[in-house]
Structures are given as C-alpha cells and as structure tokens.
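Structure file my_file.cif (mmCIF, C-alpha atoms and all ligand atoms) is printed below.
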```cif
data_my_file
#
loop_
_atom_site.group_PDB
_atom_site.id
_atom_site.type_symbol
_atom_site.label_atom_id
_atom_site.label_comp_id
_atom_site.auth_asym_id
_atom_site.auth_seq_id
_atom_site.Cartn_x
_atom_site.Cartn_y
_atom_site.Cartn_z
ATOM 1 C CA ALA A 1 19.979 -18.540 -25.615
ATOM 2 C CA LYS A 2 18.831 -15.230 -24.101
ATOM 3 C CA THR A 3 17.169 -13.802 -27.160
ATOM 4 C CA ALA A 4 13.554 -13.399 -26.098
ATOM 5 C CA GLY A 5 11.566 -10.739 -24.257
ATOM 6 C CA ARG A 6 13.276 -7.944 -22.412
ATOM 7 C CA SER A 7 16.819 -8.922 -23.286
ATOM 8 C CA THR A 8 16.021 -8.167 -26.928
ATOM 9 C CA LEU A 9 14.866 -4.670 -25.989
ATOM 10 C CA ARG A 10 17.892 -4.222 -23.824
ATOM 11 C CA PHE A 11 20.105 -4.976 -26.772
ATOM 12 C CA PHE A 12 18.426 -2.751 -29.347
ATOM 13 C CA ASP A 13 17.179 0.284 -27.434
ATOM 14 C CA PRO A 14 19.800 2.425 -25.692
ATOM 15 C CA ASP A 15 17.116 4.336 -23.730
ATOM 16 C CA MET A 16 15.594 1.132 -22.491
ATOM 17 C CA GLN A 17 19.082 -0.055 -21.648
ATOM 18 C CA ALA A 18 19.498 2.935 -19.320
ATOM 19 C CA VAL A 19 16.143 2.288 -17.659
ATOM 20 C CA VAL A 20 16.913 -1.390 -17.162
ATOM 21 C CA THR A 21 20.356 -0.633 -15.725
ATOM 22 C CA ALA A 22 18.997 2.007 -13.332
ATOM 23 C CA ARG A 23 16.314 -0.409 -12.191
ATOM 24 C CA ALA A 24 18.766 -3.230 -11.666
ATOM 25 C CA GLY A 25 20.908 -0.855 -9.581
ATOM 26 C CA LEU A 26 17.933 0.190 -7.496
ATOM 27 C CA GLU A 27 16.894 -3.429 -7.020
ATOM 28 C CA ALA A 28 20.347 -4.453 -5.786
ATOM 29 C CA ASP A 29 20.371 -1.444 -3.445
ATOM 30 C CA LEU A 30 16.912 -2.322 -2.195
ATOM 31 C CA ARG A 31 18.052 -5.806 -1.222
ATOM 32 C CA ALA A 32 21.021 -4.425 0.670
ATOM 33 C CA ALA A 33 18.962 -1.675 2.307
ATOM 34 C CA LEU A 34 17.014 -4.033 4.539
ATOM 35 C CA ALA A 35 20.186 -5.590 5.891
ATOM 36 C CA GLN A 36 21.800 -2.171 6.298
ATOM 37 C CA ASP A 37 18.921 -0.644 8.190
ATOM 38 C CA GLU A 38 18.284 2.149 5.711
ATOM 39 C CA PHE A 39 14.505 2.197 6.066
ATOM 40 C CA LEU A 40 12.600 4.322 8.510
ATOM 41 C CA LEU A 41 8.995 5.246 9.110
ATOM 42 C CA HIS A 42 7.420 8.651 9.105
ATOM 43 C CA TYR A 43 3.938 9.075 10.535
ATOM 44 C CA GLN A 44 1.239 11.406 9.278
ATOM 45 C CA PRO A 45 -1.394 12.541 11.791
ATOM 46 C CA GLN A 46 -5.100 12.046 11.108
ATOM 47 C CA VAL A 47 -7.387 14.591 12.753
ATOM 48 C CA ASN A 48 -11.059 14.986 13.574
ATOM 49 C CA HIS A 49 -13.346 17.943 12.981
ATOM 50 C CA ALA A 50 -11.978 19.790 16.011
ATOM 51 C CA GLY A 51 -8.426 19.386 14.684
ATOM 52 C CA ARG A 52 -7.532 16.825 17.356
ATOM 53 C CA ALA A 53 -5.355 13.888 16.436
ATOM 54 C CA VAL A 54 -7.221 10.563 16.308
ATOM 55 C CA GLY A 55 -4.523 8.447 14.700
ATOM 56 C CA VAL A 56 -1.525 8.298 12.381
ATOM 57 C CA GLU A 57 -0.570 6.573 9.127
ATOM 58 C CA ALA A 58 2.860 4.941 8.931
ATOM 59 C CA LEU A 59 4.685 5.748 5.673
ATOM 60 C CA VAL A 60 7.956 4.066 4.805
ATOM 61 C CA ARG A 61 11.043 6.096 3.883
ATOM 62 C CA TRP A 62 14.320 4.958 2.382
ATOM 63 C CA GLU A 63 17.391 6.906 3.349
ATOM 64 C CA HIS A 64 19.779 5.878 0.580
ATOM 65 C CA PRO A 65 23.475 6.582 1.349
ATOM 66 C CA GLU A 66 24.023 8.254 -2.067
ATOM 67 C CA ARG A 67 20.604 8.969 -3.530
ATOM 68 C CA GLY A 68 19.239 10.537 -0.327
ATOM 69 C CA MET A 69 15.547 10.039 0.513
ATOM 70 C CA VAL A 70 13.932 7.785 -2.081
ATOM 71 C CA SER A 71 10.158 8.139 -2.438
ATOM 72 C CA PRO A 72 8.058 5.032 -1.737
ATOM 73 C CA ALA A 73 6.344 5.723 -5.060
ATOM 74 C CA ASP A 74 9.704 4.771 -6.622
ATOM 75 C CA PHE A 75 10.620 1.698 -4.587
ATOM 76 C CA VAL A 76 7.371 0.151 -3.260
ATOM 77 C CA PRO A 77 6.273 -1.019 -6.734
ATOM 78 C CA LEU A 78 9.743 -2.492 -7.307
ATOM 79 C CA ALA A 79 9.642 -4.169 -3.903
ATOM 80 C CA GLU A 80 6.285 -5.672 -4.858
ATOM 81 C CA GLU A 81 7.588 -7.030 -8.144
ATOM 82 C CA THR A 82 10.687 -8.578 -6.607
ATOM 83 C CA GLY A 83 8.958 -9.987 -3.534
ATOM 84 C CA LEU A 84 11.063 -7.791 -1.244
ATOM 85 C CA ILE A 85 7.807 -6.264 -0.060
ATOM 86 C CA LEU A 86 7.409 -9.360 2.151
ATOM 87 C CA PRO A 87 10.403 -8.730 4.452
ATOM 88 C CA LEU A 88 9.984 -4.957 4.059
ATOM 89 C CA GLY A 89 6.277 -5.135 4.928
ATOM 90 C CA ARG A 90 7.060 -7.246 7.981
ATOM 91 C CA TRP A 91 9.627 -4.675 9.083
ATOM 92 C CA VAL A 92 7.094 -1.835 8.611
ATOM 93 C CA LEU A 93 4.426 -3.657 10.593
ATOM 94 C CA ASN A 94 6.825 -4.531 13.387
ATOM 95 C CA THR A 95 8.228 -0.994 13.643
ATOM 96 C CA ALA A 96 4.769 0.614 13.636
ATOM 97 C CA CYS A 97 3.494 -1.859 16.256
ATOM 98 C CA LYS A 98 6.462 -1.186 18.513
ATOM 99 C CA LEU A 99 5.533 2.499 18.563
ATOM 100 C CA LEU A 100 1.873 1.659 19.106
ATOM 101 C CA ALA A 101 2.867 -0.527 22.072
ATOM 102 C CA GLN A 102 4.910 2.348 23.557
ATOM 103 C CA TRP A 103 1.819 4.550 23.506
ATOM 104 C CA ARG A 104 -0.076 2.082 25.662
ATOM 105 C CA GLY A 105 -0.772 3.597 29.055
ATOM 106 C CA ASP A 106 0.306 7.096 27.944
ATOM 107 C CA PRO A 107 -2.630 9.374 28.786
ATOM 108 C CA ASP A 108 -1.908 11.601 25.744
ATOM 109 C CA LEU A 109 -1.320 8.894 23.159
ATOM 110 C CA ALA A 110 -3.092 5.674 24.163
ATOM 111 C CA HIS A 111 -6.275 6.512 22.204
ATOM 112 C CA LEU A 112 -4.526 6.887 18.826
ATOM 113 C CA THR A 113 -4.875 4.393 15.990
ATOM 114 C CA MET A 114 -1.967 3.268 13.797
ATOM 115 C CA ALA A 115 -2.696 2.755 10.092
ATOM 116 C CA VAL A 116 -0.274 0.532 8.164
ATOM 117 C CA ASN A 117 -0.263 0.098 4.364
ATOM 118 C CA VAL A 118 -0.400 -3.485 3.201
ATOM 119 C CA SER A 119 0.406 -4.360 -0.392
ATOM 120 C CA SER A 120 -1.647 -6.913 -2.233
ATOM 121 C CA ARG A 121 1.229 -9.376 -2.494
ATOM 122 C CA GLN A 122 1.862 -9.160 1.240
ATOM 123 C CA PHE A 123 -1.824 -9.611 2.093
ATOM 124 C CA ARG A 124 -2.101 -12.662 -0.165
ATOM 125 C CA HIS A 125 0.896 -14.403 1.344
ATOM 126 C CA ALA A 126 -0.147 -17.573 3.166
ATOM 127 C CA ASP A 127 1.620 -16.487 6.396
ATOM 128 C CA PHE A 128 0.141 -13.005 6.587
ATOM 129 C CA VAL A 129 -2.433 -13.627 9.324
ATOM 130 C CA ASP A 130 0.115 -15.488 11.450
ATOM 131 C CA ASP A 131 2.712 -12.765 10.860
ATOM 132 C CA VAL A 132 0.338 -10.042 12.061
ATOM 133 C CA ALA A 133 -0.713 -12.094 15.091
ATOM 134 C CA ARG A 134 2.930 -12.755 15.960
ATOM 135 C CA VAL A 135 3.919 -9.083 15.633
ATOM 136 C CA LEU A 136 1.014 -8.080 17.881
ATOM 137 C CA ALA A 137 1.984 -10.689 20.478
ATOM 138 C CA VAL A 138 5.713 -9.903 20.404
ATOM 139 C CA THR A 139 5.366 -6.101 20.501
ATOM 140 C CA GLY A 140 2.378 -6.041 22.852
ATOM 141 C CA ALA A 141 0.585 -3.547 20.598
ATOM 142 C CA PRO A 142 -3.191 -3.327 21.158
ATOM 143 C CA ALA A 143 -4.792 -5.022 18.130
ATOM 144 C CA GLY A 144 -7.855 -2.798 18.368
ATOM 145 C CA ARG A 145 -5.708 0.250 17.568
ATOM 146 C CA LEU A 146 -4.089 -1.266 14.476
ATOM 147 C CA LYS A 147 -5.736 -0.464 11.154
ATOM 148 C CA LEU A 148 -4.543 -2.110 7.969
ATOM 149 C CA GLU A 149 -4.924 -0.071 4.763
ATOM 150 C CA LEU A 150 -5.885 -2.214 1.780
ATOM 151 C CA THR A 151 -6.551 -1.196 -1.809
ATOM 152 C CA GLU A 152 -9.452 -2.044 -4.058
ATOM 153 C CA SER A 153 -7.329 -4.333 -6.232
ATOM 154 C CA LEU A 154 -7.713 -6.985 -3.510
ATOM 155 C CA LEU A 155 -11.471 -6.990 -4.040
ATOM 156 C CA VAL A 156 -11.240 -7.676 -7.704
ATOM 157 C CA GLU A 157 -8.534 -10.310 -7.550
ATOM 158 C CA ASP A 158 -10.009 -12.928 -5.258
ATOM 159 C CA MET A 159 -12.932 -11.814 -3.191
ATOM 160 C CA GLU A 160 -13.492 -15.008 -1.202
ATOM 161 C CA THR A 161 -9.885 -15.320 -0.008
ATOM 162 C CA THR A 162 -9.716 -11.610 0.761
ATOM 163 C CA ILE A 163 -12.795 -11.770 2.973
ATOM 164 C CA ALA A 164 -11.579 -14.928 4.734
ATOM 165 C CA THR A 165 -8.203 -13.302 5.472
ATOM 166 C CA MET A 166 -9.838 -10.114 6.694
ATOM 167 C CA GLU A 167 -12.157 -12.061 8.958
ATOM 168 C CA ALA A 168 -9.259 -14.044 10.429
ATOM 169 C CA LEU A 169 -7.461 -10.769 11.200
ATOM 170 C CA ARG A 170 -10.604 -9.172 12.529
ATOM 171 C CA ALA A 171 -10.907 -12.074 14.982
ATOM 172 C CA HIS A 172 -7.603 -10.809 16.427
ATOM 173 C CA GLY A 173 -9.155 -7.337 16.778
ATOM 174 C CA VAL A 174 -7.504 -5.671 13.780
ATOM 175 C CA GLY A 175 -9.411 -3.004 11.778
ATOM 176 C CA PHE A 176 -9.388 -2.111 8.062
ATOM 177 C CA ALA A 177 -9.431 0.970 5.870
ATOM 178 C CA LEU A 178 -9.949 0.896 2.111
ATOM 179 C CA ASP A 179 -7.230 3.154 0.687
ATOM 180 C CA ASP A 180 -7.375 5.349 -2.438
ATOM 181 C CA PHE A 181 -11.108 4.781 -2.568
ATOM 182 C CA GLY A 182 -12.785 5.733 -5.813
ATOM 183 C CA THR A 183 -9.805 4.991 -8.048
ATOM 184 C CA GLY A 184 -10.448 1.240 -8.352
ATOM 185 C CA TYR A 185 -13.328 -0.984 -9.296
ATOM 186 C CA SER A 186 -15.098 -2.058 -6.134
ATOM 187 C CA SER A 187 -18.667 -3.045 -6.706
ATOM 188 C CA LEU A 188 -21.164 -2.140 -4.043
ATOM 189 C CA ALA A 189 -22.028 -5.783 -3.430
ATOM 190 C CA TYR A 190 -18.383 -6.527 -2.584
ATOM 191 C CA LEU A 191 -18.039 -3.492 -0.366
ATOM 192 C CA LYS A 192 -21.034 -4.595 1.630
ATOM 193 C CA ARG A 193 -19.522 -8.009 2.305
ATOM 194 C CA MET A 194 -16.122 -6.792 3.459
ATOM 195 C CA PRO A 195 -15.489 -6.316 7.174
ATOM 196 C CA LEU A 196 -14.318 -2.710 6.679
ATOM 197 C CA ASP A 197 -14.164 0.135 9.183
ATOM 198 C CA GLN A 198 -13.194 3.087 7.026
ATOM 199 C CA LEU A 199 -13.090 4.424 3.473
ATOM 200 C CA LYS A 200 -10.268 6.777 2.537
ATOM 201 C CA ILE A 201 -11.260 9.288 -0.137
ATOM 202 C CA ASP A 202 -8.362 9.379 -2.568
ATOM 203 C CA GLN A 203 -6.395 12.607 -2.655
ATOM 204 C CA SER A 204 -6.932 12.998 -6.394
ATOM 205 C CA PHE A 205 -10.596 13.842 -5.686
ATOM 206 C CA VAL A 206 -9.726 16.203 -2.844
ATOM 207 C CA GLN A 207 -7.172 18.067 -4.944
ATOM 208 C CA ASP A 208 -9.647 19.598 -7.407
ATOM 209 C CA LEU A 209 -12.652 19.564 -5.125
ATOM 210 C CA LEU A 210 -13.123 23.333 -5.280
ATOM 211 C CA THR A 211 -12.829 23.677 -9.042
ATOM 212 C CA ASP A 212 -14.085 20.421 -10.534
ATOM 213 C CA PRO A 213 -17.804 19.703 -10.058
ATOM 214 C CA ASN A 214 -17.229 16.069 -11.017
ATOM 215 C CA ASP A 215 -14.792 15.580 -8.164
ATOM 216 C CA ALA A 216 -17.174 17.325 -5.777
ATOM 217 C CA ALA A 217 -19.950 14.951 -6.902
ATOM 218 C CA ILE A 218 -17.696 11.907 -6.450
ATOM 219 C CA VAL A 219 -16.762 13.032 -2.951
ATOM 220 C CA ASP A 220 -20.453 13.512 -2.082
ATOM 221 C CA THR A 221 -21.203 10.041 -3.399
ATOM 222 C CA ILE A 222 -18.402 8.407 -1.395
ATOM 223 C CA ILE A 223 -19.512 10.127 1.802
ATOM 224 C CA GLY A 224 -23.127 9.101 1.203
ATOM 225 C CA LEU A 225 -22.031 5.556 0.453
ATOM 226 C CA SER A 226 -19.952 5.319 3.614
ATOM 227 C CA ARG A 227 -22.907 6.560 5.615
ATOM 228 C CA SER A 228 -25.291 3.989 4.209
ATOM 229 C CA LEU A 229 -22.748 1.207 4.751
ATOM 230 C CA GLY A 230 -22.054 2.382 8.304
ATOM 231 C CA LEU A 231 -18.384 3.108 7.592
ATOM 232 C CA GLU A 232 -16.178 5.892 8.822
ATOM 233 C CA VAL A 233 -14.823 8.129 6.064
ATOM 234 C CA ILE A 234 -11.541 10.059 5.978
ATOM 235 C CA ALA A 235 -10.257 12.434 3.300
ATOM 236 C CA GLU A 236 -6.570 12.332 2.420
ATOM 237 C CA GLY A 237 -4.431 14.994 0.784
ATOM 238 C CA VAL A 238 -6.259 17.894 2.465
ATOM 239 C CA GLU A 239 -4.082 20.944 1.860
ATOM 240 C CA SER A 240 -6.344 23.960 2.351
ATOM 241 C CA VAL A 241 -8.946 25.239 4.796
ATOM 242 C CA GLU A 242 -11.359 25.606 1.867
ATOM 243 C CA GLN A 243 -11.049 21.917 1.026
ATOM 244 C CA ARG A 244 -11.510 20.963 4.674
ATOM 245 C CA ASP A 245 -14.607 23.173 4.978
ATOM 246 C CA LEU A 246 -16.174 21.752 1.836
ATOM 247 C CA LEU A 247 -15.486 18.204 3.038
ATOM 248 C CA ALA A 248 -16.988 19.043 6.420
ATOM 249 C CA ARG A 249 -20.115 20.444 4.791
ATOM 250 C CA ALA A 250 -20.416 17.236 2.769
ATOM 251 C CA GLY A 251 -20.336 15.245 6.023
ATOM 252 C CA CYS A 252 -16.709 14.100 6.250
ATOM 253 C CA ARG A 253 -15.407 14.222 9.825
ATOM 254 C CA PHE A 254 -11.824 12.977 9.556
ATOM 255 C CA TYR A 255 -8.934 14.430 7.598
ATOM 256 C CA GLN A 256 -5.313 13.817 6.738
ATOM 257 C CA GLY A 257 -3.042 16.127 4.771
ATOM 258 C CA TYR A 258 -0.420 18.847 4.706
ATOM 259 C CA LEU A 259 -2.952 21.369 6.099
ATOM 260 C CA PHE A 260 -2.574 19.587 9.438
ATOM 261 C CA SER A 261 0.858 18.012 9.162
ATOM 262 C CA ARG A 262 3.311 16.394 6.788
ATOM 263 C CA PRO A 263 4.451 12.883 7.659
ATOM 264 C CA LEU A 264 6.863 13.286 10.594
ATOM 265 C CA PRO A 265 9.704 11.330 12.205
ATOM 266 C CA THR A 266 8.806 9.840 15.599
ATOM 267 C CA ASP A 267 10.077 12.649 17.864
ATOM 268 C CA ALA A 268 8.399 15.441 15.914
ATOM 269 C CA LEU A 269 5.238 13.329 15.662
ATOM 270 C CA GLU A 270 4.969 12.816 19.410
ATOM 271 C CA GLN A 271 5.526 16.542 19.937
ATOM 272 C CA PHE A 272 2.738 17.306 17.469
ATOM 273 C CA LEU A 273 0.406 14.767 19.061
ATOM 274 C CA ARG A 274 0.949 16.025 22.613
ATOM 275 C CA ASP A 275 0.265 19.600 21.475
ATOM 276 C CA ARG A 276 -2.919 18.551 19.686
ATOM 277 C CA ILE A 277 -4.664 16.456 22.297
HETATM 278 P P1 LIG A 301 -0.800 6.416 0.205
HETATM 279 O O1 LIG A 301 -0.990 5.233 1.086
HETATM 280 O O2 LIG A 301 -1.972 6.894 -0.559
HETATM 281 O O3 LIG A 301 -0.211 7.544 1.167
HETATM 282 C C1 LIG A 301 -0.525 8.909 1.066
HETATM 283 C C2 LIG A 301 0.561 9.660 0.349
HETATM 284 O O4 LIG A 301 0.157 11.028 0.192
HETATM 285 C C3 LIG A 301 1.880 9.723 1.116
HETATM 286 O O5 LIG A 301 2.921 9.728 0.144
HETATM 287 C C4 LIG A 301 1.783 11.068 1.819
HETATM 288 O O6 LIG A 301 3.046 11.611 2.175
HETATM 289 C C5 LIG A 301 1.115 11.895 0.753
HETATM 290 N N1 LIG A 301 0.378 13.040 1.298
HETATM 291 C C6 LIG A 301 -0.156 13.171 2.514
HETATM 292 N N2 LIG A 301 -0.794 14.350 2.652
HETATM 293 C C7 LIG A 301 -0.660 14.988 1.473
HETATM 294 C C8 LIG A 301 -1.117 16.274 0.986
HETATM 295 O O7 LIG A 301 -1.772 17.050 1.674
HETATM 296 N N3 LIG A 301 -0.803 16.564 -0.314
HETATM 297 C C9 LIG A 301 -0.074 15.725 -1.108
HETATM 298 N N4 LIG A 301 0.180 16.111 -2.345
HETATM 299 N N5 LIG A 301 0.358 14.506 -0.672
HETATM 300 C C10 LIG A 301 0.080 14.154 0.600
HETATM 301 P P2 LIG A 301 4.211 8.842 0.326
HETATM 302 O O8 LIG A 301 4.626 8.805 1.756
HETATM 303 O O9 LIG A 301 5.196 9.333 -0.704
HETATM 304 O O10 LIG A 301 3.722 7.397 -0.055
HETATM 305 C C11 LIG A 301 3.302 7.086 -1.365
HETATM 306 C C12 LIG A 301 2.653 5.728 -1.439
HETATM 307 O O11 LIG A 301 3.604 4.683 -1.181
HETATM 308 C C13 LIG A 301 1.553 5.517 -0.419
HETATM 309 O O12 LIG A 301 0.375 6.132 -0.863
HETATM 310 C C14 LIG A 301 1.472 4.000 -0.392
HETATM 311 O O13 LIG A 301 0.717 3.526 -1.467
HETATM 312 C C15 LIG A 301 2.917 3.614 -0.584
HETATM 313 N N6 LIG A 301 3.502 3.306 0.733
HETATM 314 C C16 LIG A 301 4.055 4.137 1.645
HETATM 315 N N7 LIG A 301 4.469 3.454 2.725
HETATM 316 C C17 LIG A 301 4.159 2.148 2.511
HETATM 317 C C18 LIG A 301 4.327 0.935 3.255
HETATM 318 O O14 LIG A 301 4.835 0.913 4.391
HETATM 319 N N8 LIG A 301 3.883 -0.218 2.665
HETATM 320 C C19 LIG A 301 3.307 -0.229 1.426
HETATM 321 N N9 LIG A 301 2.900 -1.397 0.925
HETATM 322 N N10 LIG A 301 3.122 0.894 0.713
HETATM 323 C C20 LIG A 301 3.540 2.059 1.239
HETATM 324 CA CA CA A 302 -2.353 4.645 2.646
HETATM 325 CA CA CA A 303 -4.149 6.730 -0.055
HETATM 326 CA CA CA A 304 -2.036 6.550 -3.254
#
```

Let me see the structure of the file written as structure tokens.
Ligand code: C2E
Ligand code: CA
Ligand code: CA
Ligand code: CA
Amino acid sequence: AKTAGRSTLRFFDPDMQAVVTARAGLEADLRAALAQDEFLLHYQPQVNHAGRAVGVEALVRWEHPERGMVSPADFVPLAEETGLILPLGRWVLNTACKLLAQWRGDPDLAHLTMAVNVSSRQFRHADFVDDVARVLAVTGAPAGRLKLELTESLLVEDMETTIATMEALRAHGVGFALDDFGTGYSSLAYLKRMPLDQLKIDQSFVQDLLTDPNDAAIVDTIIGLSRSLGLEVIAEGVESVEQRDLLARAGCRFYQGYLFSRPLPTDALEQFLRDRI
C-alpha cells in the first residue's frame, strides 16, 4: 500500500499537495519539451580587460507554450533529479558545438571559446566521454575551443573518477572551468590535482564586492589562488564599472555579466561579437 514517505505528506498537507502537483505537471511538460523542440540556447559573451569578446557561455532556455520562458534555475534541478538532464545535456552540447563549428574559419569568430555547463549526473554517466567525443566528431567543432563548466560538488563526490574522466576528455583537447567557485568545498590539494584551465568567481561574491569587505577578501584570495595554481580566472555577474575596476585592480582579467551583455540568442550574439572584435 502507498502509505509511506511523500504520499503521506501529499494526503495530509494541502500546501504540499499543490507543490507536488505543480512539480508533476512541470515534469510531464519537461519530458514532452525535448520531443517538441521547446529548448533553445542563449549565449553570454565573456570579455577581456579591453572589453573584447574572448568566448561565450551557453545557457539553456525553455520556451514553454503556456508558461513562457522558464528559468533554468527552475527546471535544471528537476531535470537532474529525473535523469532528463542526460538527453537535455546531450542536446545542449550538440547545439553549442554546432555553433562552434560554424565559427571555424570565420576571421571574426574563430578565436572564441564555447563554455558549456555540465551537471554532475551528466558528467558521472559512463558514456559521457564517448558522447563528447562523438559530438565533436559529428559537428566538426574544434575541441580546443570547447570548455566544460563543472562545479565543486564533483570534487567532493568521487575525486579519482572525476580526475580520470577529465583526463580522458582533456586527451581529446577539451578544457575545463570550475563554476561558482568559492561556494563549495574544494580543498587545495584536490584543486591542484585537477586538470583545470579556469576558475569562475561566483557572482555572489561579485555582487557585494564594493560594500562587503569579506567578499572583497574572498575575491582577492581566489585571484591569488588561481595565480599560484597557474589558472585563468574569470568573474561572473559583473554588473557595474565599479565592480569591473575593483576586479581589475585585484588582478582579474576576464569578465562576464550584464555590464557587457545579457545572454543573447544566436543572431544578436553574432552581431555583438562582430562589433566587439
Ligand atoms: P550559472 O552557470 O552560474 O550561469 C550564470 C547565471 O547568471 C545565468 O543564469 C546568467 O544568465 C546569470 N547572469 C549572467 N550575468 C549576470 C549578471 O550580471 N547579473 C545577474 N544577476 N545574473 C547574471 P541562468 O541563465 O538563469 O542560468 C542559471 C543556472 O542554470 C546556471 O548558473 C547553471 O547552473 C544552470 N544552467 C543553465 N544552462 C545550463 C545547461 O545547459 N546545463 C546545465 N547543467 N545547467 C545549466
Ligand atoms: Ca556556468
Ligand atoms: Ca556560475
Ligand atoms: Ca550559479
């Protein structure tokens, strides 16, 4: 009989009932969305100190027929729980690599890197390395321009497997950024062993940089750490010139945020990139 766990809550708590029903609706919609082609990618430019574009980050969007644009913050966690992140993640990677392949040979765009977010469940899947290699081969995207964004949770969960997977991907030429850096639990010893290229300073530290001395100290520490580990560092969520200037003074040379551009659909992105070369 279905008396245990969540079904008990569902029966007794009308608020919880509403949450569960809304979630179940979203989950059913999410399954259908892949088949119905409702996902798209926006791309946010990443710039250097001179304001020139050096790369982009692919960010998934869901254009729901009734709900409108659904934020990835609302459906990515659900996709992870249900396992739908596997086909969705494959679609994201394939779509981003197709664009990256189109840029090949374009004098304005060929130098740009493409960052793609990879969820922990996707990264841990036994086929992940083969999937990435296949997407690169099929699309013809240059592996050396693809950068996978991982989060610190991967370090804590199973360090040995994580490093082995990263090294297998690196052998194909793929690079890595550690996303949301500073919010997780990476130990320095682990960081040193990972074949990383870049640390991304989490936007929560950038947000209060000008007013919170603790955040300013954390940012300084991350930049110093990246320097001593020989890693590139990029700040995300940069919204003001003052934040950019403070980051620059602290030694950060790459930035991403609304100050430069919001995430853009492909056409607007390419316009932005050609104007900013
Ligand atoms: P994230 O990887 O940390 O991505 C950065 C988020 O910050 C994006 O939100 C971006 O639109 C937003 N952002 C960029 N600049 C600024 C700024 O100046 N100010 C503020 N306040 N926000 C800014 P978005 O697109 O809503 O994505 C949210 C999260 O969803 C991402 O966080 C990432 O964790 C996840 N996500 C997005 N696309 C994918 C994907 O294709 N695969 C996976 N696994 N996760 C994804
Ligand atoms: Ca990211
Ligand atoms: Ca991030
Ligand atoms: Ca984040």

List the residues matched by the PyMOL selection byres (((not hetatm)) within 9 of (chain A and resi 302)) in the displayed structure as a PDB file with C-alpha atoms, keeping the file's coordinate frame, ordered by chain and then by residue number.
```pdb
ATOM      1  CA  GLU A  57      -0.570   6.573   9.127  1.00  0.00           C
ATOM      2  CA  ALA A  58       2.860   4.941   8.931  1.00  0.00           C
ATOM      3  CA  LEU A  59       4.685   5.748   5.673  1.00  0.00           C
ATOM      4  CA  ALA A 115      -2.696   2.755  10.092  1.00  0.00           C
ATOM      5  CA  VAL A 116      -0.274   0.532   8.164  1.00  0.00           C
ATOM      6  CA  ASN A 117      -0.263   0.098   4.364  1.00  0.00           C
ATOM      7  CA  VAL A 118      -0.400  -3.485   3.201  1.00  0.00           C
ATOM      8  CA  LEU A 148      -4.543  -2.110   7.969  1.00  0.00           C
ATOM      9  CA  GLU A 149      -4.924  -0.071   4.763  1.00  0.00           C
ATOM     10  CA  LEU A 150      -5.885  -2.214   1.780  1.00  0.00           C
ATOM     11  CA  THR A 151      -6.551  -1.196  -1.809  1.00  0.00           C
ATOM     12  CA  ALA A 177      -9.431   0.970   5.870  1.00  0.00           C
ATOM     13  CA  LEU A 178      -9.949   0.896   2.111  1.00  0.00           C
ATOM     14  CA  ASP A 179      -7.230   3.154   0.687  1.00  0.00           C
ATOM     15  CA  ASP A 180      -7.375   5.349  -2.438  1.00  0.00           C
ATOM     16  CA  LYS A 200     -10.268   6.777   2.537  1.00  0.00           C
ATOM     17  CA  GLU A 236      -6.570  12.332   2.420  1.00  0.00           C
TER      18      GLU A 236
END
```

Expansion of the PyMOL selection byres (((chain A and resi 216) around 12) and not hetatm) into residues, as number ranges by chain: A: 201, 204-215, 217-223, 243, 246-247, 249-250

Option closest in space to Leu199 of chain A, from A:Tyr185, A:Phe254, A:Phe123, A:Phe75 [counting only C-alpha atoms]: A:Phe254

Test item: residues no farther than 9 Å from ligand LIG 301 (chain A), counting only C-alpha atoms and all ligand atoms, as an NGL selection string: :A and (41-44 or 57-61 or 70-77 or 79-80 or 85 or 88-89 or 91-93 or 116-122 or 149-151 or 179-180 or 200 or 202-204 or 207 or 236-240 or 256-263)

Residues in the PyMOL selection byres (((chain A and resi 135) around 10) and not hetatm), expressed as a PyMOL selection string: chain A and resi 90-91+93-98+130-134+136-141+143

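Non-sequential neighbours of Pro107 of chain A (distance at most 10 Å, separation of 3 or more positions within a chain, only C-alpha atoms) are Trp103, Arg104, Ala110, His111, Arg274 and Ile277 of chain A.
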
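Nearest to ligand CA 303 (chain A) of all the residues A:Ile234, A:Ala164, A:Cys252, A:Ala268 is A:Ile234, counting only C-alpha atoms and all ligand atoms.
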
Distance in Å - atom CA of Val156 of chain A versus atom CA of Pro87 of chain A: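 Between these atoms lies a distance of 24.8 Å.
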
Pick from A:Glu66, A:Glu38, A:Glu270, A:Glu152 nearest to ligand CA 303 (chain A), counting all atoms listed in the file: A:Glu152

Coordinates-based distance that separates atom CA of Met159 of chain A from atom CA of Leu191 of chain A (Å, one decimal): 10.2 Å

Distance in Å - atom CA of Ala33 of chain A versus atom CA of His64 of chain A: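 According to the coordinates, atom CA of Ala33 of chain A and atom CA of His64 of chain A are separated by 7.8 Å.
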
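The smallest atom-to-atom distance between Leu100 of chain A and any of A:Leu146, A:Ala28, A:Met166, A:Met69, using only C-alpha atoms, is found for A:Leu146.
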
Option closest in space to Asp245 of chain A, from A:Ala50, A:Ala18, A:Leu99, A:Leu112 [counting all atoms listed in the file]: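 For Asp245 of chain A, the nearest of the given residues is A:Ala50.
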
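Nearest to ligand CA 303 (chain A) of all the residues A:Gly182, A:Gly25, A:Pro65, A:Gly105 is A:Gly182, based on all atoms listed in the file.
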